[in-house]
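Enquirer: work-v2.txt (compact mmCIF, C-alpha atoms and all ligand atoms) pasted underneath:
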```txt
# COMPACT_ATOMS: atom_id res chain seq x y z
CA MET C 104 -6.55 21.10 -6.14
CA ASP C 105 -9.88 22.66 -5.32
CA LYS C 106 -10.19 26.33 -6.24
CA GLU C 107 -12.60 27.21 -3.44
CA GLU C 108 -11.29 29.86 -1.09
CA LEU C 109 -9.83 28.35 2.08
CA VAL C 110 -10.70 29.55 5.54
CA ASP C 111 -7.15 29.38 6.85
CA ALA C 112 -5.02 30.45 3.93
CA ARG C 113 -2.64 32.80 5.79
CA GLY C 114 0.77 31.66 6.88
CA GLY C 115 0.54 28.01 7.84
CA TRP C 116 0.14 24.98 5.65
CA THR C 117 -3.29 24.10 4.29
CA PRO C 118 -3.83 20.90 2.35
CA GLY C 119 -6.80 22.25 0.34
CA LYS C 120 -10.42 21.17 0.54
CA LEU C 121 -10.86 18.03 2.66
CA GLU C 122 -12.65 14.99 1.25
CA TYR C 123 -13.89 11.85 3.00
CA LYS C 124 -12.06 8.59 2.38
CA PRO C 125 -13.83 6.08 0.11
CA LEU C 126 -14.69 3.59 2.88
CA PHE C 127 -18.37 4.51 3.26
CA ALA C 128 -18.85 5.86 -0.28
CA PHE C 129 -22.25 5.27 -1.81
CA PRO C 130 -22.47 3.87 -4.43
CA PRO C 131 -19.38 1.86 -3.36
CA LYS C 132 -16.05 2.60 -5.05
CA PRO C 133 -14.15 -0.71 -4.68
CA ILE C 134 -11.09 0.26 -6.75
CA GLU C 135 -10.65 3.57 -4.92
CA LEU C 136 -11.17 1.76 -1.63
CA LEU C 137 -8.45 -0.81 -2.37
CA LYS C 138 -6.08 1.92 -3.53
CA TRP C 139 -6.72 3.92 -0.38
CA LEU C 140 -6.21 0.86 1.83
CA PHE C 141 -2.99 -0.39 0.25
CA ASN C 142 -1.30 2.66 -1.32
CA TYR C 143 2.13 3.74 -0.08
CA PRO C 144 2.83 6.20 1.49
CA ASP C 145 -0.63 7.76 1.48
CA GLY C 146 -2.73 4.68 2.11
CA PHE C 147 -4.63 3.71 5.23
CA ILE C 148 -2.38 0.78 6.16
CA PHE C 149 1.06 1.85 4.96
CA PRO C 150 3.01 3.21 6.62
CA TRP C 151 1.46 4.11 9.98
CA ALA C 152 -1.04 1.36 10.75
CA ALA C 153 1.62 -1.17 9.70
CA ILE C 154 4.32 0.46 11.86
CA HIS C 155 2.00 0.56 14.88
CA PHE C 156 1.03 -3.05 14.24
CA ALA C 157 4.71 -4.07 14.09
CA ILE C 158 5.38 -2.37 17.46
CA ALA C 159 2.31 -4.06 18.99
CA PHE C 160 3.37 -7.43 17.54
CA LEU C 161 6.91 -7.19 18.97
CA CYS C 162 5.62 -6.03 22.37
CA TYR C 163 3.05 -8.81 22.45
CA TYR C 164 5.46 -11.62 21.62
CA PHE C 165 8.51 -10.44 23.54
CA LEU C 166 7.26 -8.45 26.52
CA ILE C 167 3.87 -9.74 27.60
CA PRO C 168 4.10 -12.62 30.11
CA SER C 169 2.47 -16.01 29.52
CA PHE C 170 -1.27 -16.48 30.08
CA GLU C 171 -0.53 -18.74 33.00
CA ILE C 172 1.07 -15.77 34.78
CA LEU C 173 -1.59 -13.32 33.51
CA SER C 174 -4.43 -15.41 35.00
CA THR C 175 -3.70 -14.08 38.50
CA PHE C 176 -3.49 -10.35 39.16
CA SER C 177 -0.05 -9.39 40.43
CA LEU C 178 1.77 -6.11 40.67
CA SER C 179 4.86 -7.58 38.98
CA TRP C 180 3.28 -8.35 35.59
CA ILE C 181 1.05 -5.26 35.68
CA SER C 182 4.29 -3.25 36.18
CA ILE C 183 5.75 -4.89 33.07
CA ILE C 184 2.69 -3.76 31.05
CA PHE C 185 2.99 -0.23 32.48
CA ILE C 186 6.74 0.05 31.79
CA LYS C 187 6.30 -1.36 28.24
CA ASN C 188 3.62 1.23 27.43
CA PHE C 189 5.52 4.06 29.13
CA VAL C 190 8.74 3.34 27.20
CA VAL C 191 6.95 2.87 23.85
CA LEU C 192 5.00 6.11 24.22
CA PHE C 193 8.02 8.04 25.49
CA ILE C 194 10.30 6.97 22.62
CA TYR C 195 7.66 7.28 19.88
CA THR C 196 6.37 10.71 20.89
CA GLY C 197 9.82 11.90 21.95
CA LEU C 198 11.20 11.19 18.47
CA TRP C 199 8.40 13.13 16.77
CA HIS C 200 8.88 16.07 19.14
CA LEU C 201 12.66 16.04 18.91
CA HIS C 202 12.66 15.89 15.11
CA LEU C 203 9.91 18.40 14.33
CA HIS C 204 9.92 20.82 17.26
CA THR C 205 13.26 20.69 19.12
CA ASN C 206 15.54 20.22 16.11
CA ASN C 207 13.06 21.96 13.78
CA SER C 208 14.37 19.52 11.14
CA GLN C 209 11.96 20.48 8.36
CA GLY C 210 11.41 24.11 9.41
CA ASP C 211 7.82 25.21 8.81
CA LYS C 212 7.33 22.96 5.80
CA PHE C 213 3.83 21.41 6.11
CA ARG C 214 3.28 23.11 9.49
CA TYR C 215 -0.29 24.30 10.17
CA ASN C 216 0.38 26.92 12.84
CA LEU C 217 3.63 28.84 12.69
CA ARG C 218 3.56 30.08 16.27
CA PRO C 219 5.83 28.29 18.78
CA LEU C 220 4.33 25.93 21.35
CA GLY C 221 3.06 27.65 24.52
CA LYS C 222 4.98 28.89 27.52
CA GLY C 223 3.83 30.62 30.68
CA LYS C 224 1.85 30.32 33.89
CA GLN C 225 -1.27 28.86 32.27
CA TRP C 226 0.68 25.60 31.71
CA PHE C 227 1.60 23.16 34.49
CA PHE C 228 5.40 23.22 34.94
CA GLY C 229 5.65 26.37 32.82
CA THR C 230 5.44 25.04 29.27
CA GLN C 231 2.85 23.39 27.04
CA THR C 232 5.20 20.50 26.26
CA ARG C 233 5.92 19.71 29.93
CA GLU C 234 2.21 19.75 30.78
CA ASN C 235 1.41 17.61 27.74
CA MET C 236 4.15 15.11 28.63
CA PHE C 237 3.02 14.84 32.24
CA PHE C 238 -0.59 14.00 31.38
CA SER C 239 0.41 11.62 28.56
CA LEU C 240 2.88 9.65 30.67
CA PHE C 241 1.27 9.77 34.12
CA SER C 242 -2.43 9.65 33.33
CA ALA C 243 -2.85 8.16 29.82
CA VAL C 244 -0.22 5.42 30.27
CA PRO C 245 -1.55 4.12 33.64
CA ILE C 246 -5.15 4.07 32.33
CA TRP C 247 -4.13 2.43 29.02
CA SER C 248 -2.10 -0.15 31.02
CA ALA C 249 -5.00 -0.79 33.42
CA TYR C 250 -7.40 -1.50 30.55
CA GLU C 251 -4.84 -3.69 28.80
CA SER C 252 -4.09 -5.63 32.01
CA LEU C 253 -7.79 -6.12 32.70
CA MET C 254 -8.38 -7.49 29.20
CA LEU C 255 -5.34 -9.79 29.37
CA TRP C 256 -6.53 -11.11 32.74
CA CYS C 257 -10.06 -11.67 31.33
CA PHE C 258 -8.63 -13.53 28.35
CA ALA C 259 -6.34 -15.65 30.53
CA ASN C 260 -9.34 -16.65 32.67
CA ASP C 261 -11.67 -17.25 29.73
CA TYR C 262 -14.00 -14.38 30.69
CA MET C 263 -14.21 -12.84 27.19
CA LEU C 264 -17.52 -13.27 25.38
CA PHE C 265 -16.01 -14.55 22.10
CA PRO C 266 -12.31 -15.30 22.59
CA ILE C 267 -10.34 -16.49 19.55
CA LYS C 268 -7.69 -18.83 20.90
CA ASP C 269 -6.34 -20.05 17.57
CA TRP C 270 -6.60 -17.62 14.67
CA LEU C 271 -5.54 -20.37 12.26
CA ALA C 272 -8.38 -22.66 13.40
CA SER C 273 -10.09 -22.24 10.02
CA PRO C 274 -9.63 -20.07 6.91
CA TYR C 275 -12.74 -18.05 7.92
CA VAL C 276 -11.32 -17.26 11.35
CA ALA C 277 -7.98 -16.28 9.78
CA ILE C 278 -9.66 -13.95 7.24
CA TYR C 279 -11.81 -12.42 10.00
CA CYS C 280 -8.72 -11.82 12.16
CA VAL C 281 -6.84 -10.07 9.33
CA LEU C 282 -9.89 -7.91 8.47
CA LEU C 283 -10.30 -7.00 12.12
CA PHE C 284 -6.69 -5.78 12.24
CA ILE C 285 -7.41 -3.56 9.23
CA PHE C 286 -10.61 -2.18 10.75
CA ILE C 287 -9.35 -1.62 14.30
CA PRO C 288 -8.58 2.06 13.54
CA ILE C 289 -12.14 2.49 12.19
CA ILE C 290 -13.60 1.03 15.41
CA GLN C 291 -11.47 3.56 17.26
CA HIS C 292 -12.61 6.46 15.05
CA VAL C 293 -16.32 5.68 15.56
CA HIS C 294 -15.80 5.23 19.31
CA PHE C 295 -13.86 8.52 19.40
CA TYR C 296 -16.66 10.36 17.59
CA CYS C 297 -19.22 9.12 20.14
CA ILE C 298 -17.25 9.99 23.27
CA HIS C 299 -16.02 13.23 21.71
CA ARG C 300 -19.58 14.41 21.05
CA LEU C 301 -20.44 13.50 24.63
CA ILE C 302 -17.60 15.52 26.17
CA HIS C 303 -18.50 18.57 24.07
CA TRP C 304 -21.73 18.70 26.11
CA LYS C 305 -21.19 21.93 28.05
CA PRO C 306 -20.93 20.62 31.65
CA LEU C 307 -18.50 17.87 30.55
CA TYR C 308 -16.66 20.25 28.24
CA ASP C 309 -16.15 22.83 31.00
CA HIS C 310 -14.89 20.32 33.58
CA ILE C 311 -13.10 17.75 31.43
CA HIS C 312 -12.55 18.27 27.71
CA SER C 313 -11.58 21.97 27.87
CA PHE C 314 -8.27 20.72 29.26
CA HIS C 315 -7.37 19.08 25.92
CA HIS C 316 -8.56 22.20 24.09
CA LYS C 317 -6.04 24.40 25.88
CA ASN C 318 -3.87 23.13 23.03
CA VAL C 319 -5.07 25.38 20.19
CA ASN C 320 -1.66 25.02 18.59
CA VAL C 321 -0.55 21.41 18.90
CA GLY C 322 2.61 19.32 19.21
CA PRO C 323 3.06 15.53 19.37
CA TRP C 324 2.65 15.41 23.17
CA SER C 325 -0.72 17.23 22.91
CA GLY C 326 -2.43 14.11 21.53
CA LEU C 327 -2.90 12.45 24.90
CA SER C 328 -2.85 15.60 27.01
CA MET C 329 -6.31 15.09 28.46
CA HIS C 330 -8.14 15.16 31.77
CA PRO C 331 -7.96 11.67 33.37
CA VAL C 332 -11.73 11.23 32.96
CA GLU C 333 -11.26 11.82 29.22
CA HIS C 334 -8.51 9.17 29.25
CA LEU C 335 -10.97 6.74 30.87
CA LEU C 336 -13.49 7.40 28.10
CA TYR C 337 -11.05 7.70 25.17
CA LEU C 338 -9.08 4.54 25.98
CA SER C 339 -12.18 2.46 26.74
CA THR C 340 -12.09 1.62 23.02
CA ILE C 341 -9.91 -1.34 24.14
CA LEU C 342 -12.94 -2.79 25.98
CA VAL C 343 -14.82 -3.23 22.68
CA HIS C 344 -12.86 -6.48 22.29
CA PHE C 345 -14.62 -7.93 25.30
CA PHE C 346 -17.79 -8.02 23.16
CA ILE C 347 -16.49 -9.03 19.71
CA PRO C 348 -14.56 -12.10 18.58
CA SER C 349 -10.86 -11.23 18.85
CA THR C 350 -7.44 -12.35 19.99
CA PRO C 351 -5.28 -10.62 22.65
CA LEU C 352 -3.03 -9.23 19.90
CA HIS C 353 -6.10 -7.38 18.56
CA PHE C 354 -6.77 -5.51 21.78
CA VAL C 355 -3.08 -4.90 22.48
CA TYR C 356 -2.87 -3.34 19.01
CA GLN C 357 -6.12 -1.37 19.59
CA GLY C 358 -4.63 0.26 22.71
CA LEU C 359 -1.28 1.00 21.14
CA HIS C 360 -2.68 2.34 17.86
CA THR C 361 -5.11 4.58 19.77
CA CYS C 362 -2.30 6.08 21.89
CA LEU C 363 0.41 6.39 19.24
CA GLY C 364 -2.16 7.51 16.65
CA ALA C 365 -3.30 10.34 18.96
CA GLN C 366 0.30 11.60 19.26
CA LYS C 367 0.96 11.35 15.53
CA GLY C 368 -2.36 13.09 14.83
CA HIS C 369 -1.24 16.16 16.82
CA THR C 370 2.29 16.69 15.48
CA GLY C 371 1.12 19.98 13.96
CA TYR C 372 2.60 19.00 10.58
CA GLU C 373 0.58 17.60 7.68
CA ARG C 374 3.54 15.60 6.37
CA LEU C 375 6.93 14.33 7.51
CA VAL C 376 9.76 15.01 5.06
CA VAL C 377 11.79 11.79 4.88
CA ASP C 378 14.25 12.85 2.16
CA PRO C 379 15.10 16.57 2.15
CA LYS C 380 16.99 16.23 -1.18
CA THR C 381 14.01 14.99 -3.18
CA GLY C 382 11.38 16.47 -0.83
CA LYS C 383 9.83 13.02 -0.45
CA SER C 384 7.35 12.98 2.42
CA ILE C 385 4.92 10.69 4.22
CA PRO C 386 1.69 11.62 6.02
CA SER C 387 1.78 12.89 9.59
CA ALA C 388 -1.05 14.72 11.40
CA GLY C 389 -4.52 15.40 10.03
CA TYR C 390 -5.76 18.87 9.09
CA PHE C 391 -9.29 17.61 9.84
CA HIS C 392 -8.54 17.38 13.59
CA TYR C 393 -6.40 20.52 13.50
CA LEU C 394 -9.54 22.39 12.38
CA HIS C 395 -11.31 20.92 15.42
CA HIS C 396 -8.64 22.42 17.68
CA LYS C 397 -8.93 25.73 15.89
CA TYR C 398 -12.72 26.06 15.69
CA PHE C 399 -13.95 23.60 18.40
CA GLU C 400 -17.52 22.94 17.19
CA CYS C 401 -16.72 20.86 14.10
CA ASN C 402 -14.93 17.68 12.99
CA TYR C 403 -15.48 15.51 16.05
CA GLY C 404 -14.49 12.27 14.31
CA GLU C 405 -12.04 11.38 11.56
CA LEU C 406 -12.07 11.46 7.76
CA THR C 407 -12.60 7.68 7.55
CA SER C 408 -16.22 7.51 8.73
CA PRO C 409 -18.50 10.33 7.59
CA LEU C 410 -20.27 10.83 10.94
CA ASP C 411 -19.57 14.57 10.94
CA LYS C 412 -21.03 14.84 7.46
CA TRP C 413 -24.16 12.93 8.45
CA PHE C 414 -24.69 15.01 11.59
CA GLY C 415 -23.84 18.39 10.04
CA SER C 416 -20.51 19.21 11.70
CA PHE C 417 -18.11 18.54 8.83
CA HIS C 418 -15.64 21.38 8.17
CA ASP C 419 -13.86 20.79 4.87
CA GLY C 420 -11.45 23.73 5.29
CA THR C 421 -13.22 26.09 2.88
CA LYS C 422 -14.51 29.55 3.69
CA LYS C 423 -17.94 28.66 2.30
CA THR C 424 -18.40 25.71 4.68
CA HIS C 425 -16.98 27.74 7.55
CA GLU C 426 -19.60 30.44 7.09
CA LYS C 427 -22.37 27.88 6.75
CA LEU C 428 -21.27 26.05 9.93
CA PHE C 429 -20.76 29.02 12.20
CA LYS C 430 -23.26 31.65 11.04
CA SER C 431 -26.25 29.93 12.63
CA ASN C 432 -24.25 28.77 15.71
CA ARG C 433 -22.88 32.19 16.52
CA THR C 434 -26.05 34.22 16.72
CA ALA C 435 -25.89 34.20 20.54
ZN ZN C 501 -7.03 16.79 19.77
ZN ZN C 502 -12.93 18.44 21.22
```
Can I see the file as structure tokens?

Expert:
Amino acid sequence: MDKEELVDARGGWTPGKLEYKPLFAFPPKPIELLKWLFNYPDGFIFPWAAIHFAIAFLCYYFLIPSFEILSTFSLSWISIIFIKNFVVLFIYTGLWHLHLHTNNSQGDKFRYNLRPLGKGKQWFFGTQTRENMFFSLFSAVPIWSAYESLMLWCFANDYMLFPIKDWLASPYVAIYCVLLFIFIPIIQHVHFYCIHRLIHWKPLYDHIHSFHHKNVNVGPWSGLSMHPVEHLLYLSTILVHFFIPSTPLHFVYQGLHTCLGAQKGHTGYERLVVDPKTGKSIPSAGYFHYLHHKYFECNYGELTSPLDKWFGSFHDGTKKTHEKLFKSNRTA
């Protein structure tokens, strides 16, 4: 553990000094990279990317209609997509909220901010959770479903630029498809960094992104509690698959991982205790993004791609970095 003094060492949980993942390390660190990718439970794939992939896989094969049906727009199959996404998001986020916040199952263990979630007139319907739920379910889900439906319709009509119709067509296509599944979260992180920097531009921040930042303390439903224009930008990551070779399962997974990942990333707890007797735990939210909610002008991306480091906005959780970041910015 790093000995540097932490900026937020009072009360809540702090994981220590943050470090970037070995994906873009230079010189490359192949062994560390493989360990990070495949480790359990603290690797990149296991458990969460794999769990989200499994949900996307089951939804894709059991709930999405055939491409013959998808080739013509109709309210009936678009409703199926909407209900599928609504139910998945409701159950997934509801379970996180119920376990960590309603039942308080692990108390404040690994919790960043010990204050309760907000209540009062500043929240629609009187509480932070109700407001967060409303915008997740009735703005994020329709926009996610609209993008997904559009992409399915494009694929069914052969409008994609580089559609992969048979991922087993050759060993190269199969390897590419597997690698693309692994890197879908990275595509999302880079896309998120770009749109996130954009909406921190003052006029857009004031009218759009400030709505998400009402959530200084966060719960699982805060992840997708955004202004609808932010949903349009944030979820447009699905459209990337219009321009790159991919299968429909890739973009269905991209949408689902983006939405479920946002909720998981805002649980407010660094880790989820899975066995209270042994204290065994698996990762949950990220302190990196929690610092963004706390201090606003830092950590716009994720710890996978070092864009914040390259562009001077990386907050590693230490007092030293905090002073360096905010001294010059706060002269006004
Ligand atoms: Zn956030
Ligand atoms: Zn922000």

Enquirer: Dump the neighbourhood of ligand ZN 501 (chain C) as an MDAnalysis selection string: all residues within 12 Å, distances computed on all atoms listed in the file.

Expert: chainID C and resid 235 295:296 299 312:329 333 337 362 364:371 388:399 401:405

Enquirer: What's around Trp180 in chain C at 12 Å? Count only C-alpha atoms, leave out sequence neighbours fewer than 2 positions away in its own chain, and write the answer as a list in words.

Expert: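 With the cut-off at 12 Å, the set is Leu166, Ile167, Pro168, Ser169, Phe170, Glu171, Ile172, Leu173, Ser174, Thr175, Phe176, Ser177, Leu178, Ser182, Ile183, Ile184, Phe185, Ile186, Lys187, Ser248, Ala249, Glu251, Ser252, Leu253, Leu255 and Trp256 of chain C.
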
Enquirer: Return the single residue from C:Phe354, C:Phe147, C:Trp304, C:Phe237 that is closest to Glu400 in chain C, with distances computed using all atoms listed in the file.

Expert: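 Residue with the minimum atom-to-atom distance to Glu400 in chain C: C:Trp304.
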
Enquirer: Let me make sure I understand: among C:Trp270, C:Phe160, C:Phe417, C:Tyr215, which one has the smallest atom-to-atom distance to Tyr356 in chain C if we use all atoms listed in the file?

Expert: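 Closest residue, counting all atoms listed in the file: C:Phe160.
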
Enquirer: Using all atoms listed in the file for the distances, tell me which of C:Ala277, C:Val343, C:Ile134, C:Cys297 is nearest to ligand ZN 502 (chain C).

Expert: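 Nearest to ligand ZN 502 (chain C): C:Cys297.
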